[in-house]
file data.txt (compact mmCIF, C-alpha atoms)
# COMPACT_ATOMS: atom_id res chain seq x y z
CA MET A 1 97.22 -31.20 -23.56
CA GLU A 2 94.56 -33.80 -22.98
CA GLU A 3 95.98 -35.82 -25.83
CA GLN A 4 99.42 -35.55 -24.29
CA ASP A 5 97.94 -36.59 -20.95
CA SER A 6 96.17 -39.54 -22.52
CA GLU A 7 99.37 -40.49 -24.35
CA THR A 8 101.30 -40.23 -21.09
CA GLN A 9 98.66 -42.34 -19.35
CA SER A 10 98.65 -44.98 -22.06
CA SER A 11 102.48 -45.10 -22.13
CA GLY A 12 102.42 -45.29 -18.31
CA SER A 13 99.96 -48.18 -18.34
CA GLY A 14 101.92 -49.80 -21.19
CA GLY A 15 105.06 -49.37 -19.09
CA GLU A 16 103.37 -51.14 -16.17
CA GLU A 17 102.29 -53.97 -18.46
CA GLU A 18 105.84 -54.22 -19.80
CA THR A 19 107.14 -54.33 -16.20
CA LEU A 20 104.65 -57.09 -15.38
CA LYS A 21 105.74 -59.00 -18.50
CA LEU A 22 109.41 -58.52 -17.58
CA GLU A 23 108.96 -59.79 -14.00
CA PRO A 24 108.25 -63.43 -14.95
CA GLU A 25 111.07 -63.13 -17.51
CA GLY A 26 113.35 -61.84 -14.74
CA LEU A 27 112.36 -64.71 -12.46
CA ARG A 28 113.00 -67.17 -15.26
CA HIS A 29 116.50 -65.75 -15.80
CA ASP A 30 117.17 -65.99 -12.06
CA VAL A 31 116.13 -69.65 -12.04
CA GLU A 32 118.24 -70.37 -15.13
CA ASP A 33 121.23 -68.61 -13.55
CA GLN A 34 120.70 -70.75 -10.46
CA HIS A 35 120.78 -73.93 -12.58
CA VAL A 36 123.91 -72.76 -14.37
CA LEU A 37 125.63 -72.00 -11.06
CA GLN A 38 124.61 -75.38 -9.68
CA PHE A 39 125.96 -77.05 -12.80
CA LEU A 40 129.28 -75.21 -12.64
CA ASP A 41 129.66 -75.86 -8.90
CA SER A 42 129.03 -79.57 -9.29
CA LEU A 43 131.36 -79.73 -12.31
CA ASP A 44 134.12 -78.12 -10.27
CA GLY A 45 133.41 -80.48 -7.37
CA TYR A 46 133.51 -83.49 -9.69
CA ILE A 47 136.91 -82.60 -11.14
CA THR A 48 138.36 -81.77 -7.70
CA LEU A 49 137.10 -85.05 -6.25
CA MET A 50 138.59 -87.02 -9.17
CA ASP A 51 141.98 -85.45 -8.41
CA SER A 52 141.68 -86.41 -4.75
CA LEU A 53 140.60 -89.91 -5.75
CA SER A 54 143.69 -90.30 -7.95
CA LEU A 55 145.93 -89.41 -5.00
CA THR A 56 144.16 -91.80 -2.64
CA LEU A 57 144.20 -94.66 -5.14
CA ARG A 58 147.90 -94.10 -5.80
CA GLN A 59 148.55 -94.40 -2.07
CA GLY A 60 146.46 -97.58 -1.94
CA TRP A 61 148.33 -99.15 -4.88
CA LEU A 62 151.67 -98.29 -3.30
CA GLU A 63 150.64 -99.86 0.01
CA LEU A 64 149.35 -102.94 -1.80
CA ALA A 65 152.64 -103.24 -3.69
CA SER A 66 154.54 -102.89 -0.38
CA ALA A 67 152.39 -105.61 1.18
CA ARG A 68 153.02 -107.85 -1.83
CA HIS A 69 156.74 -107.19 -1.48
CA SER A 70 156.82 -108.09 2.22
CA MET A 71 154.36 -111.01 2.13
CA GLY A 72 155.29 -112.40 -1.26
CA ALA A 73 153.45 -112.28 -4.57
CA SER A 74 151.87 -115.70 -3.99
CA ARG A 75 150.13 -114.41 -0.86
CA VAL A 76 148.67 -111.24 -2.36
CA ASN A 77 147.04 -112.00 -5.69
CA SER A 78 143.63 -112.46 -7.22
CA ALA A 79 143.86 -116.27 -7.21
CA LEU A 80 143.19 -116.19 -3.46
CA LEU A 81 139.94 -114.25 -3.78
CA ASN A 82 136.95 -115.89 -2.15
CA LEU A 83 134.68 -117.36 -4.81
CA LYS A 84 132.28 -119.00 -2.38
CA PHE A 85 128.84 -117.54 -1.96
CA HIS A 86 129.00 -114.40 0.19
CA SER A 87 127.30 -111.00 0.27
CA ALA A 88 129.11 -107.72 0.12
CA SER A 89 129.91 -106.22 3.53
CA THR A 90 129.97 -102.73 2.05
CA SER A 91 126.96 -101.73 0.03
CA LEU A 92 124.96 -98.73 -1.11
CA GLN A 93 121.53 -97.29 -0.53
CA VAL A 94 120.00 -95.39 -3.41
CA THR A 95 117.24 -92.82 -3.21
CA ARG A 96 115.85 -90.89 -6.14
CA ASN A 97 114.52 -87.35 -6.12
CA ASP A 98 111.55 -87.56 -8.43
CA VAL A 99 111.13 -83.81 -9.04
CA ASP A 100 110.50 -84.24 -12.70
CA SER A 101 111.29 -86.77 -15.40
CA GLU A 102 114.24 -84.75 -16.72
CA ALA A 103 115.97 -84.15 -13.37
CA ASN A 104 115.86 -87.76 -12.12
CA GLU A 105 118.56 -87.21 -9.54
CA ALA A 106 119.84 -90.22 -7.62
CA ASN A 107 121.46 -90.03 -4.19
CA PHE A 108 123.90 -92.71 -3.02
CA THR A 109 124.69 -93.52 0.61
CA LEU A 110 127.54 -95.81 1.54
CA CYS A 111 126.92 -98.50 4.17
CA LYS A 112 130.38 -99.63 5.25
CA TRP A 113 130.97 -102.97 6.91
CA ALA A 114 127.38 -103.95 7.37
CA SER A 115 126.92 -107.61 8.31
CA SER A 116 127.47 -109.98 5.44
CA ASN A 117 124.18 -111.66 6.49
CA SER A 118 121.70 -109.98 4.17
CA GLY A 119 118.24 -108.86 5.20
CA HIS A 120 119.10 -107.87 8.78
CA SER A 121 119.85 -104.48 10.21
CA SER A 122 123.53 -104.80 10.96
CA ALA A 123 125.84 -103.24 13.49
CA GLY A 124 127.67 -101.48 10.67
CA GLU A 125 124.54 -99.69 9.50
CA LYS A 126 123.43 -99.18 13.09
CA PHE A 127 126.73 -97.45 13.69
CA ARG A 128 125.92 -94.96 10.98
CA GLU A 129 122.35 -94.48 12.26
CA ASP A 130 123.62 -93.91 15.81
CA LYS A 131 126.09 -91.34 14.57
CA LEU A 132 123.36 -89.52 12.64
CA GLN A 133 121.02 -89.76 15.62
CA THR A 134 123.70 -88.20 17.83
CA LYS A 135 124.09 -85.31 15.40
CA HIS A 136 120.33 -84.67 15.27
CA ASP A 137 119.80 -84.97 19.01
CA SER A 138 122.70 -82.77 20.07
CA PRO A 139 120.70 -79.46 20.10
CA ASP A 140 118.03 -81.10 22.32
CA LEU A 141 120.60 -82.61 24.64
CA ARG A 142 121.72 -79.16 25.70
CA HIS A 143 118.35 -78.58 27.36
CA ARG A 144 118.32 -81.78 29.36
CA SER A 145 119.64 -82.37 32.88
CA LYS A 146 123.27 -83.33 33.37
CA SER A 147 122.47 -86.82 34.71
CA GLN A 148 120.28 -87.65 31.71
CA PHE A 149 123.01 -86.33 29.45
CA SER A 150 125.71 -88.48 31.06
CA ASP A 151 123.44 -91.59 30.87
CA GLU A 152 122.74 -90.99 27.22
CA THR A 153 126.37 -90.36 26.31
CA SER A 154 127.45 -93.54 28.09
CA VAL A 155 124.78 -95.53 26.19
CA GLN A 156 125.87 -93.93 22.91
CA SER A 157 129.56 -94.56 23.60
CA GLY A 158 128.70 -98.18 24.47
CA ALA A 159 126.80 -98.57 21.22
CA SER A 160 129.64 -97.03 19.24
CA LEU A 161 132.15 -99.39 20.92
CA VAL A 162 130.03 -102.37 19.89
CA ALA A 163 129.85 -101.01 16.37
CA ASP A 164 133.63 -100.41 16.30
CA ASP A 165 134.19 -104.03 17.33
CA HIS A 166 131.90 -105.20 14.57
CA VAL A 167 133.68 -103.07 11.99
CA GLN A 168 137.08 -104.39 13.11
CA ARG A 169 135.79 -107.97 12.85
CA GLU A 170 134.49 -107.37 9.34
CA ARG A 171 137.81 -105.77 8.33
CA SER A 172 139.74 -108.76 9.72
CA LYS A 173 137.42 -111.14 7.86
CA SER A 174 138.17 -109.32 4.65
CA LEU A 175 141.93 -109.46 5.29
CA SER A 176 141.84 -113.14 6.26
CA VAL A 177 141.54 -114.08 2.57
CA PHE A 178 145.26 -113.35 2.37
CA GLY A 179 146.19 -115.31 5.49
CA THR A 180 146.00 -115.04 9.26
CA LEU A 181 149.02 -112.81 9.70
CA VAL A 182 149.11 -109.98 7.22
CA SER A 183 151.48 -107.10 6.69
CA PRO A 184 150.54 -103.74 8.26
CA LYS A 185 150.87 -102.37 4.74
CA LEU A 186 147.94 -104.51 3.67
CA ARG A 187 145.85 -103.06 6.51
CA ALA A 188 146.93 -99.59 5.43
CA ALA A 189 145.93 -100.41 1.84
CA GLN A 190 142.52 -101.53 3.11
CA LEU A 191 141.99 -98.17 4.83
CA SER A 192 143.13 -96.27 1.73
CA PHE A 193 140.67 -98.13 -0.46
CA GLU A 194 137.91 -97.54 2.09
CA THR A 195 138.66 -93.82 1.85
CA ALA A 196 138.63 -94.11 -1.95
CA LEU A 197 135.23 -95.77 -1.73
CA GLU A 198 133.83 -92.87 0.29
CA MET A 199 135.19 -90.46 -2.30
CA LEU A 200 133.64 -92.48 -5.09
CA VAL A 201 130.22 -92.28 -3.49
CA GLU A 202 130.67 -88.52 -3.17
CA ILE A 203 131.69 -88.42 -6.84
CA ALA A 204 128.60 -90.40 -7.79
CA ASN A 205 126.37 -87.91 -5.94
CA THR A 206 128.16 -84.94 -7.49
CA ARG A 207 127.84 -86.55 -10.92
CA SER A 208 124.12 -87.02 -10.38
CA THR A 209 123.69 -83.36 -9.34
CA MET A 210 125.78 -82.21 -12.30
CA LEU A 211 123.77 -84.19 -14.84
CA SER A 212 120.50 -83.06 -13.32
CA ALA A 213 121.59 -79.39 -13.45
CA PHE A 214 122.93 -79.91 -16.98
CA ASN A 215 119.56 -81.25 -18.15
CA ARG A 216 117.80 -78.23 -16.65
CA VAL A 217 120.22 -75.80 -18.30
CA LYS A 218 119.87 -77.61 -21.61
CA LYS A 219 116.09 -77.45 -21.36
CA GLY A 220 116.32 -73.73 -20.59
CA LEU A 221 118.45 -73.15 -23.68
CA GLU A 222 116.03 -75.12 -25.82
CA ASP A 223 113.13 -73.05 -24.48
CA ILE A 224 114.98 -69.85 -25.40
CA LYS A 225 115.63 -71.22 -28.87
CA SER A 226 111.98 -72.15 -29.38
CA MET B 1 112.04 -78.34 -1.72
CA ALA B 2 108.27 -78.90 -1.52
CA GLY B 3 106.94 -81.69 -3.69
CA ARG B 4 110.31 -83.46 -3.95
CA ALA B 5 109.62 -87.12 -3.26
CA GLN B 6 112.48 -89.31 -2.05
CA ILE B 7 111.93 -92.71 -3.53
CA PRO B 8 114.12 -95.48 -2.10
CA THR B 9 114.86 -97.64 -5.09
CA ASN B 10 116.77 -100.38 -3.30
CA ASN B 11 117.50 -101.37 0.27
CA SER B 12 120.98 -102.57 -0.47
CA SER B 13 122.82 -102.17 -3.75
CA LEU B 14 126.21 -103.33 -4.90
CA ILE B 15 129.26 -101.69 -6.40
CA ALA B 16 130.50 -103.50 -9.51
CA MET B 17 134.06 -103.23 -10.85
CA ILE B 18 135.71 -103.68 -14.22
CA ALA B 19 139.35 -102.92 -13.53
CA ASP B 20 142.88 -104.25 -13.19
CA GLU B 21 143.89 -106.76 -10.53
CA ASP B 22 145.30 -104.33 -7.98
CA THR B 23 142.32 -102.00 -8.14
CA VAL B 24 139.83 -104.85 -7.78
CA THR B 25 141.87 -106.43 -4.96
CA GLY B 26 142.00 -103.13 -3.12
CA PHE B 27 138.27 -102.55 -3.31
CA LEU B 28 137.58 -106.15 -2.35
CA LEU B 29 139.64 -105.48 0.80
CA ALA B 30 137.18 -102.65 1.47
CA GLY B 31 134.36 -105.21 1.47
CA VAL B 32 132.53 -104.63 -1.82
CA GLY B 33 132.98 -108.17 -3.15
CA ASN B 34 129.81 -110.17 -3.72
CA VAL B 35 129.41 -113.71 -5.02
CA ASP B 36 125.88 -114.96 -5.67
CA LEU B 37 124.52 -118.49 -5.53
CA ARG B 38 125.46 -119.04 -9.17
CA ARG B 39 129.06 -118.04 -8.25
CA LYS B 40 128.77 -114.89 -10.31
CA THR B 41 130.89 -112.06 -9.01
CA ASN B 42 130.26 -108.32 -9.11
CA TYR B 43 133.68 -107.69 -10.61
CA LEU B 44 135.76 -108.46 -13.67
CA ILE B 45 139.54 -108.41 -13.45
CA VAL B 46 140.97 -107.11 -16.72
CA ASP B 47 144.42 -108.25 -17.76
CA SER B 48 146.31 -108.63 -21.02
CA LYS B 49 144.35 -111.79 -21.89
CA THR B 50 140.89 -110.27 -21.36
CA THR B 51 139.07 -109.81 -24.64
CA VAL B 52 137.04 -106.76 -25.58
CA LYS B 53 133.99 -109.02 -25.94
CA ALA B 54 134.39 -110.20 -22.33
CA ILE B 55 134.56 -106.58 -21.16
CA GLU B 56 131.49 -105.67 -23.23
CA ASP B 57 129.56 -108.63 -21.86
CA ALA B 58 130.48 -107.74 -18.28
CA PHE B 59 129.46 -104.10 -18.83
CA LYS B 60 126.12 -105.10 -20.33
CA GLU B 61 125.49 -107.60 -17.55
CA PHE B 62 126.29 -105.12 -14.77
CA THR B 63 124.20 -102.31 -16.31
CA ALA B 64 121.23 -104.68 -16.67
CA LYS B 65 121.31 -105.86 -13.06
CA GLU B 66 118.93 -104.05 -10.73
CA ASP B 67 120.97 -104.63 -7.59
CA ILE B 68 124.02 -102.73 -8.88
CA ALA B 69 124.07 -98.99 -8.17
CA ILE B 70 127.60 -97.97 -9.17
CA ILE B 71 129.96 -99.46 -11.75
CA LEU B 72 133.63 -98.59 -11.36
CA ILE B 73 135.53 -98.99 -14.60
CA SER B 74 139.18 -98.15 -15.21
CA GLN B 75 139.32 -95.42 -17.80
CA TYR B 76 141.70 -97.34 -20.05
CA VAL B 77 139.21 -100.24 -20.03
CA ALA B 78 136.34 -97.84 -20.73
CA ASN B 79 138.29 -96.58 -23.75
CA MET B 80 138.16 -100.12 -25.17
CA ILE B 81 134.37 -100.05 -25.08
CA ARG B 82 133.98 -96.28 -25.44
CA PHE B 83 130.96 -96.47 -27.74
CA LEU B 84 129.09 -98.63 -25.26
CA VAL B 85 130.01 -96.44 -22.27
CA ASP B 86 129.14 -93.18 -24.03
CA SER B 87 125.79 -94.47 -25.24
CA TYR B 88 124.75 -95.39 -21.70
CA ASN B 89 122.76 -92.56 -20.13
CA LYS B 90 120.72 -93.93 -17.22
CA PRO B 91 121.18 -92.38 -13.77
CA VAL B 92 121.49 -95.78 -12.06
CA PRO B 93 123.78 -97.61 -12.12
CA ALA B 94 126.20 -94.70 -12.23
CA ILE B 95 129.28 -95.37 -14.38
CA LEU B 96 132.41 -93.92 -12.80
CA GLU B 97 135.63 -93.93 -14.79
CA ILE B 98 138.59 -94.25 -12.48
CA PRO B 99 142.34 -94.05 -13.05
CA SER B 100 144.55 -97.10 -12.98
CA LYS B 101 148.19 -97.55 -11.97
CA ASP B 102 149.54 -97.16 -15.48
CA HIS B 103 146.89 -94.87 -16.94
CA PRO B 104 146.15 -91.64 -15.06
CA TYR B 105 142.70 -90.08 -15.22
CA ASP B 106 142.11 -88.01 -18.35
CA PRO B 107 139.11 -85.64 -18.08
CA SER B 108 138.92 -85.31 -21.86
CA HIS B 109 137.97 -88.99 -22.17
CA ASP B 110 135.44 -89.04 -19.33
CA SER B 111 132.00 -89.83 -20.79
CA VAL B 112 130.14 -87.57 -18.33
CA LEU B 113 132.40 -84.59 -19.02
CA SER B 114 132.15 -85.24 -22.78
CA ARG B 115 128.38 -85.12 -22.46
CA VAL B 116 128.35 -81.75 -20.73
CA LYS B 117 131.26 -80.06 -22.48
CA TYR B 118 129.16 -78.98 -25.45
CA LEU B 119 127.76 -76.26 -23.19
CA PHE B 120 131.21 -74.71 -23.22
CA SER B 121 131.48 -74.79 -26.99
CA ALA B 122 131.38 -71.20 -28.29
CA GLU B 123 129.41 -72.26 -31.35
CA SER B 124 126.62 -73.99 -29.44
CA VAL B 125 126.20 -71.10 -27.00
CA ALA B 126 126.26 -68.50 -29.77
CA SER B 127 123.73 -70.41 -31.88
CA GLU B 128 121.32 -70.68 -28.94
CA ARG B 129 121.51 -66.96 -28.29
CA ARG B 130 120.76 -65.93 -31.88
call {"tool": "encode", "arguments": {"input": "data.txt", "output": "structure tokens"}}
result
Amino acid sequence: MEEQDSETQSSGSGGEEETLKLEPEGLRHDVEDQHVLQFLDSLDGYITLMDSLSLTLRQGWLELASARHSMGASRVNSALLNLKFHSASTSLQVTRNDVDSEANEANFTLCKWASSNSGHSSAGEKFREDKLQTKHDSPDLRHRSKSQFSDETSVQSGASLVADDHVQRERSKSLSVFGTLVSPKLRAAQLSFETALEMLVEIANTRSTMLSAFNRVKKGLEDIKS
Amino acid sequence: MAGRAQIPTNNSSLIAMIADEDTVTGFLLAGVGNVDLRRKTNYLIVDSKTTVKAIEDAFKEFTAKEDIAIILISQYVANMIRFLVDSYNKPVPAILEIPSKDHPYDPSHDSVLSRVKYLFSAESVASERR
């Protein structure tokens, strides 16, 4: 009886030890499942975005072809491209998440129609910052008085108007390479390619997430193997 | 997540392009064109007269530059230098293969998808589980 009790006790304590051993294993499987899900989600997002990009680019090419048809091939071709020194109006900001050496995930942010004068905070970027600031401040604005709210919204709308003007000027500058008067189809093509650019930045971010998750899953599989 | 440091690598980076004329023209309309003081552009227009060597040189030049964050390359052009594209594995600049007018996007040729597809191979998964 005592032996049975001692056996029961030892099996009970062994069972507890096994449970304790299994818990970190269980956590590890949960983390691995999370990485696999992240990988599959980003893979799906990547393929979906590529499909959308194809559609947008096709629209852009069609509009460009229409513009070439209405303006003439000599007015819409690469020979007219500006080869004088100038900086890109649309650029990127890159940040890296340095979690570990394997993950090494990069994050891309598009800065559309910033000033072509480099080194200065431009109205284009400011437009984006104002928009973000509006989003972050909106919960606090609810608690303020109406007069303050109306003052702030008028300031913000003024700032956004200035930014809109700047963006329109930069767009016109870009179009002016093909002449003063351009076909509306060329303007439409410009907007389509801007949209394509936004999608491409999203694709780049999704790609980065996918590769980072893939490296983690691969490492997990190698750990299991070893 | 705690401990995740955001490191800004560059204040302002460029988008480079190796593609056909219409694609490059379109993206230049969107304002990504850059010409430096040495009159070097951040794009290469590929046509029937462009040699594979010129494409390779442009790819190597763009991947070596620190101020380029994304390289857009038409997939049919990437296929001409497939070995070079597939052997590139840095996170920045990111290489994005895009469709062109005459060559739609083919996921089976995409270098990123080729890199990750081995996870879906029954053999590799089965061998890891043994």
call {"tool": "interface_residues", "arguments": {"input": "data.txt", "of": "chain A", "to": "chain B", "cutoff": "8 Å", "atoms": "only C-alpha atoms", "output": "MDAnalysis selection string"}}
result
chainID A and resid 47 50 54 58 60:61 64 77:78 83:99 104:106 112:113 171 174:175 189:191 193:194 197 200 204 207:208 211 214 221:222 224:225
call {"tool": "residues_around", "arguments": {"input": "data.txt", "residues": "Val217 (chain A)", "least_positions_apart": "5", "cutoff": "10 Å", "atoms": "only C-alpha atoms", "output": "mmCIF file with C-alpha atoms, keeping the file's coordinate frame"}}
result
data_model
loop_
_atom_site.group_PDB
_atom_site.id
_atom_site.type_symbol
_atom_site.label_atom_id
_atom_site.label_comp_id
_atom_site.auth_asym_id
_atom_site.auth_seq_id
_atom_site.Cartn_x
_atom_site.Cartn_y
_atom_site.Cartn_z
ATOM 1 C CA VAL A 31 116.130 -69.650 -12.040
ATOM 2 C CA GLU A 32 118.240 -70.370 -15.130
ATOM 3 C CA ASP A 33 121.230 -68.610 -13.550
ATOM 4 C CA GLN A 34 120.700 -70.750 -10.460
ATOM 5 C CA HIS A 35 120.780 -73.930 -12.580
ATOM 6 C CA VAL A 36 123.910 -72.760 -14.370
ATOM 7 C CA LEU A 37 125.630 -72.000 -11.060
ATOM 8 C CA GLN A 38 124.610 -75.380 -9.680
ATOM 9 C CA PHE A 39 125.960 -77.050 -12.800
ATOM 10 C CA LEU A 211 123.770 -84.190 -14.840
ATOM 11 C CA SER A 212 120.500 -83.060 -13.320
ATOM 12 C CA GLU A 222 116.030 -75.120 -25.820
ATOM 13 C CA ASP A 223 113.130 -73.050 -24.480
ATOM 14 C CA LEU B 119 127.760 -76.260 -23.190
#
call {"tool": "atom_distance", "arguments": {"input": "data.txt", "atom1": "CA of Ala79 (chain A)", "atom2": "CA of Met199 (chain A)"}}
result
27.7 Å
call {"tool": "atom_distance", "arguments": {"input": "data.txt", "atom1": "CA of Phe62 (chain B)", "atom2": "CA of Asp102 (chain B)"}}
result
24.6 Å
call {"tool": "closest_residue", "arguments": {"input": "data.txt", "among": "B:Ser48, B:Met17, B:His103, B:Tyr118", "to": "Glu61 (chain B)", "atoms": "all atoms listed in the file"}}
result
B:Met17
call {"tool": "axis_aligned_box", "arguments": {"input": "data.txt", "around": "region 93-104 of chain B", "padding_each_side": "6 Å", "output": "AutoDock Vina command-line options"}}
result
--center_x 136.7 --center_y -94.6 --center_z -14.5 --size_x 37.8 --size_y 18.0 --size_z 17.0
call {"tool": "residues_around", "arguments": {"input": "data.txt", "residues": "Ile55 (chain B)", "least_positions_apart": "5", "cutoff": "12 Å", "atoms": "all atoms listed in the file", "output": "number ranges by chain"}}
result
B: 17-20, 43-50, 60-62, 73-74, 76-82, 84-85
call {"tool": "atom_distance", "arguments": {"input": "data.txt", "atom1": "CA of Val76 (chain A)", "atom2": "CA of Gln59 (chain A)"}}
result
16.8 Å
call {"tool": "decode", "arguments": {"input": "data.txt", "residues": "region 60-84 of chain A", "atoms": "C-alpha atoms", "output": "compact mmCIF listing (two decimals), in the first residue's frame"}}
result
# COMPACT_ATOMS: atom_id res chain seq x y z
CA GLY A 60 -1.39 53.93 -66.24
CA TRP A 61 0.07 52.49 -69.46
CA LEU A 62 -3.27 52.86 -71.22
CA GLU A 63 -3.56 56.50 -70.14
CA LEU A 64 0.02 57.15 -71.22
CA ALA A 65 -0.69 55.58 -74.61
CA SER A 66 -3.84 57.74 -74.93
CA ALA A 67 -1.83 60.85 -74.07
CA ARG A 68 0.80 59.88 -76.64
CA HIS A 69 -1.97 59.40 -79.21
CA SER A 70 -3.52 62.81 -78.56
CA MET A 71 -0.30 64.80 -78.07
CA GLY A 72 1.85 62.97 -80.59
CA ALA A 73 4.69 60.51 -80.08
CA SER A 74 7.32 63.25 -80.35
CA ARG A 75 5.85 65.02 -77.32
CA VAL A 76 5.65 62.01 -75.02
CA ASN A 77 8.89 60.06 -75.13
CA SER A 78 12.01 59.48 -73.09
CA ALA A 79 14.13 61.86 -75.19
CA LEU A 80 12.40 64.76 -73.44
CA LEU A 81 13.33 63.60 -69.94
CA ASN A 82 15.16 66.15 -67.84
CA LEU A 83 18.83 65.24 -67.59
CA LYS A 84 19.86 68.37 -65.72
